[in-house]
Amino acid sequence: ILEQANALWQHGRQKQAVELLREALKLEPDRVELKVALADKLMQLDRSEEARTLLQSLPAEERDRQPASGLLARLQFADLAQGAPDLATLESHVRAKPDDCAARRQLAARHVLAGDYEAALEQFMDILRRHPQFEDGAGRKGLIMMFEMLGNENPLVVTYRRRMFSLLH
């Protein structure tokens with residue numbers, strides 16, 4: 001079913017993919033991988049609240065494990081970007097006011113949602129470098145959330161974890 005849903009998705013038939021996953025969940029309501037796959041597809045369709053409800057219905061140990069934990073982290077970035085200006089506006093604002101950490105955090109969230117993870121990591125590193133205590137450690141927390149989202153095996157995680165460690169110590 002997961003393969004069929006992904007094939008439908010790849011061929012531009014997103015609604016059918018979502019419906020297939022919903023039907024499969026009716027038959028097997030406790031299958032974690034179906035819930036996670038459906039949540040992922042819903043997020044890609046900008047239906048974050050439905051995805052959040054699905055992910056929060058998972059047992060705690062599943063929510064804390066990839067891929068669900070990464071999707072939950074992505075939802076947090078979507079929350080951060082809610083109501084924020086667009087990417088270009090935020091970039092020009094941050095160039096004009098480099099110490100505006102609130103705008104930097106929104107810019108990082110926009111980069112995450114656009115799939116530009118390295119640019120997002122750079123923004124969080126800048127926040128950590130400029131104002132380590134901003135919003136109760138938002139730079140460090142943002143980096144950690146991204147590490148969770150990307151997974152420990154990702155080369156960006158290895159590089160930025162090392163950079164964060166050297167900056168903090």
# chains A, B, ... in the order shown; residues from 1 in each chain; ligands from 1
$ closest_atom_pairs --of "stretch 68-112 of chain A" --to "stretch 37-51 of chain A" --cutoff "10 Å" --atoms "only C-alpha atoms" --output "JSON lines"
{"residue": "A:Ala68", "atom": "CA", "partner": "A:Ala39", "partner_atom": "CA", "distance": 8.7}
{"residue": "A:Gly70", "atom": "CA", "partner": "A:Asp40", "partner_atom": "CA", "distance": 10.0}
{"residue": "A:Leu71", "atom": "CA", "partner": "A:Asp40", "partner_atom": "CA", "distance": 6.9}
{"residue": "A:Leu72", "atom": "CA", "partner": "A:Ala51", "partner_atom": "CA", "distance": 8.9}
{"residue": "A:Arg74", "atom": "CA", "partner": "A:Met43", "partner_atom": "CA", "distance": 8.9}
{"residue": "A:Leu75", "atom": "CA", "partner": "A:Ser48", "partner_atom": "CA", "distance": 6.9}
{"residue": "A:Ala78", "atom": "CA", "partner": "A:Ser48", "partner_atom": "CA", "distance": 8.0}
{"residue": "A:Asp79", "atom": "CA", "partner": "A:Ser48", "partner_atom": "CA", "distance": 9.2}
$ write_last_selection --atoms "N, CA, C and O atoms" --output "tab-separated table (two decimals), in the first residue's frame"
chain	number	residue	atom	x	y	z
A	68	ALA	N	8.63	9.74	12.46
A	68	ALA	CA	7.60	10.58	13.09
A	68	ALA	C	8.21	11.78	13.80
A	68	ALA	O	7.69	12.90	13.70
A	70	GLY	N	10.87	13.41	13.10
A	70	GLY	CA	11.28	14.40	12.11
A	70	GLY	C	10.10	15.18	11.56
A	70	GLY	O	10.19	16.39	11.35
A	71	LEU	N	8.98	14.50	11.36
A	71	LEU	CA	7.77	15.19	10.88
A	71	LEU	C	7.24	16.15	11.94
A	71	LEU	O	6.78	17.25	11.62
A	72	LEU	N	7.30	15.73	13.20
A	72	LEU	CA	6.85	16.62	14.28
A	72	LEU	C	7.75	17.85	14.37
A	72	LEU	O	7.26	18.97	14.60
A	74	ARG	N	9.32	19.16	11.84
A	74	ARG	CA	8.96	19.97	10.68
A	74	ARG	C	7.68	20.78	10.96
A	74	ARG	O	7.57	21.93	10.54
A	75	LEU	N	6.75	20.19	11.68
A	75	LEU	CA	5.53	20.91	12.06
A	75	LEU	C	5.87	22.11	12.95
A	75	LEU	O	5.24	23.16	12.83
A	78	ALA	N	6.92	24.80	10.74
A	78	ALA	CA	5.75	25.37	10.07
A	78	ALA	C	5.05	26.36	11.01
A	78	ALA	O	4.61	27.43	10.59
A	79	ASP	N	4.99	26.01	12.31
A	79	ASP	CA	4.40	26.92	13.30
A	79	ASP	C	5.21	28.21	13.39
A	79	ASP	O	4.64	29.30	13.48
$ residues_around --residues "stretch 15-26 of chain A" --least-positions-apart "4" --cutoff "7 Å" --atoms "only C-alpha atoms" --output "PDB file with all heavy atoms, in the first residue's frame"
ATOM      1  N   ALA A   5       0.841   4.090  -2.819  1.00  0.00           N
ATOM      2  CA  ALA A   5       0.599   5.501  -2.490  1.00  0.00           C
ATOM      3  C   ALA A   5       1.736   6.376  -3.005  1.00  0.00           C
ATOM      4  O   ALA A   5       1.492   7.447  -3.583  1.00  0.00           O
ATOM      5  CB  ALA A   5       0.430   5.673  -0.982  1.00  0.00           C
ATOM      6  N   ASN A   6       2.962   5.909  -2.833  1.00  0.00           N
ATOM      7  CA  ASN A   6       4.106   6.691  -3.323  1.00  0.00           C
ATOM      8  C   ASN A   6       4.111   6.782  -4.843  1.00  0.00           C
ATOM      9  O   ASN A   6       4.441   7.832  -5.401  1.00  0.00           O
ATOM     10  CB  ASN A   6       5.428   6.099  -2.800  1.00  0.00           C
ATOM     11  CG  ASN A   6       5.638   6.422  -1.339  1.00  0.00           C
ATOM     12  OD1 ASN A   6       5.187   7.440  -0.835  1.00  0.00           O
ATOM     13  ND2 ASN A   6       6.330   5.539  -0.645  1.00  0.00           N
ATOM     14  N   LEU A   8       1.435   6.687  -6.809  1.00  0.00           N
ATOM     15  CA  LEU A   8       0.387   7.660  -7.156  1.00  0.00           C
ATOM     16  C   LEU A   8       0.896   9.086  -6.945  1.00  0.00           C
ATOM     17  O   LEU A   8       0.698   9.969  -7.792  1.00  0.00           O
ATOM     18  CB  LEU A   8      -0.861   7.428  -6.296  1.00  0.00           C
ATOM     19  CG  LEU A   8      -1.709   6.208  -6.632  1.00  0.00           C
ATOM     20  CD1 LEU A   8      -2.721   5.941  -5.519  1.00  0.00           C
ATOM     21  CD2 LEU A   8      -2.422   6.407  -7.966  1.00  0.00           C
ATOM     22  N   TRP A   9       1.545   9.306  -5.816  1.00  0.00           N
ATOM     23  CA  TRP A   9       2.065  10.631  -5.469  1.00  0.00           C
ATOM     24  C   TRP A   9       3.055  11.102  -6.536  1.00  0.00           C
ATOM     25  O   TRP A   9       2.991  12.244  -6.988  1.00  0.00           O
ATOM     26  CB  TRP A   9       2.737  10.569  -4.099  1.00  0.00           C
ATOM     27  CG  TRP A   9       3.071  11.909  -3.558  1.00  0.00           C
ATOM     28  CD1 TRP A   9       4.257  12.586  -3.710  1.00  0.00           C
ATOM     29  CD2 TRP A   9       2.238  12.769  -2.789  1.00  0.00           C
ATOM     30  NE1 TRP A   9       4.196  13.794  -3.073  1.00  0.00           N
ATOM     31  CE2 TRP A   9       2.970  13.929  -2.501  1.00  0.00           C
ATOM     32  CE3 TRP A   9       0.926  12.653  -2.309  1.00  0.00           C
ATOM     33  CZ2 TRP A   9       2.449  14.972  -1.752  1.00  0.00           C
ATOM     34  CZ3 TRP A   9       0.406  13.701  -1.560  1.00  0.00           C
ATOM     35  CH2 TRP A   9       1.158  14.841  -1.295  1.00  0.00           C
ATOM     36  N   LEU A  34       1.583   3.572   8.246  1.00  0.00           N
ATOM     37  CA  LEU A  34       0.517   4.171   7.441  1.00  0.00           C
ATOM     38  C   LEU A  34       0.184   5.572   7.953  1.00  0.00           C
ATOM     39  O   LEU A  34       0.002   6.496   7.166  1.00  0.00           O
ATOM     40  CB  LEU A  34      -0.737   3.293   7.466  1.00  0.00           C
ATOM     41  CG  LEU A  34      -0.665   1.961   6.731  1.00  0.00           C
ATOM     42  CD1 LEU A  34      -1.941   1.160   6.957  1.00  0.00           C
ATOM     43  CD2 LEU A  34      -0.410   2.158   5.241  1.00  0.00           C
ATOM     44  N   LEU A  38       0.767   8.961   5.802  1.00  0.00           N
ATOM     45  CA  LEU A  38      -0.349   9.874   5.559  1.00  0.00           C
ATOM     46  C   LEU A  38      -0.035  11.269   6.102  1.00  0.00           C
ATOM     47  O   LEU A  38      -0.281  12.278   5.430  1.00  0.00           O
ATOM     48  CB  LEU A  38      -1.645   9.325   6.171  1.00  0.00           C
ATOM     49  CG  LEU A  38      -2.889  10.196   5.998  1.00  0.00           C
ATOM     50  CD1 LEU A  38      -3.172  10.503   4.528  1.00  0.00           C
ATOM     51  CD2 LEU A  38      -4.099   9.519   6.644  1.00  0.00           C
ATOM     52  N   LYS A  41       2.290  13.061   3.729  1.00  0.00           N
ATOM     53  CA  LYS A  41       1.598  13.538   2.517  1.00  0.00           C
ATOM     54  C   LYS A  41       0.716  14.753   2.835  1.00  0.00           C
ATOM     55  O   LYS A  41       0.680  15.716   2.074  1.00  0.00           O
ATOM     56  CB  LYS A  41       0.734  12.432   1.901  1.00  0.00           C
ATOM     57  CG  LYS A  41       1.467  11.165   1.520  1.00  0.00           C
ATOM     58  CD  LYS A  41       2.561  11.394   0.520  1.00  0.00           C
ATOM     59  CE  LYS A  41       3.172  10.091   0.069  1.00  0.00           C
ATOM     60  NZ  LYS A  41       4.620  10.168  -0.096  1.00  0.00           N
TER      61      LYS A  41
END
$ closest_residue --among "A:Val36, A:Ala120, A:Gln10, A:Val157" --to "A:Glu91" --atoms "only C-alpha atoms"
A:Ala120
$ closest_residue --among "A:Leu167, A:Gln56, A:Gln133, A:Arg31" --to "A:Ile1" --atoms "only C-alpha atoms"
A:Arg31
$ select_by_dssp --residues "stretch 4-138 of chain A" --states "alpha helix (DSSP H)" --output "PyMOL selection string"
chain A and resi 4-10+14-27+32-44+48-56+60-63+68-81+87-96+101-114+117-130+138
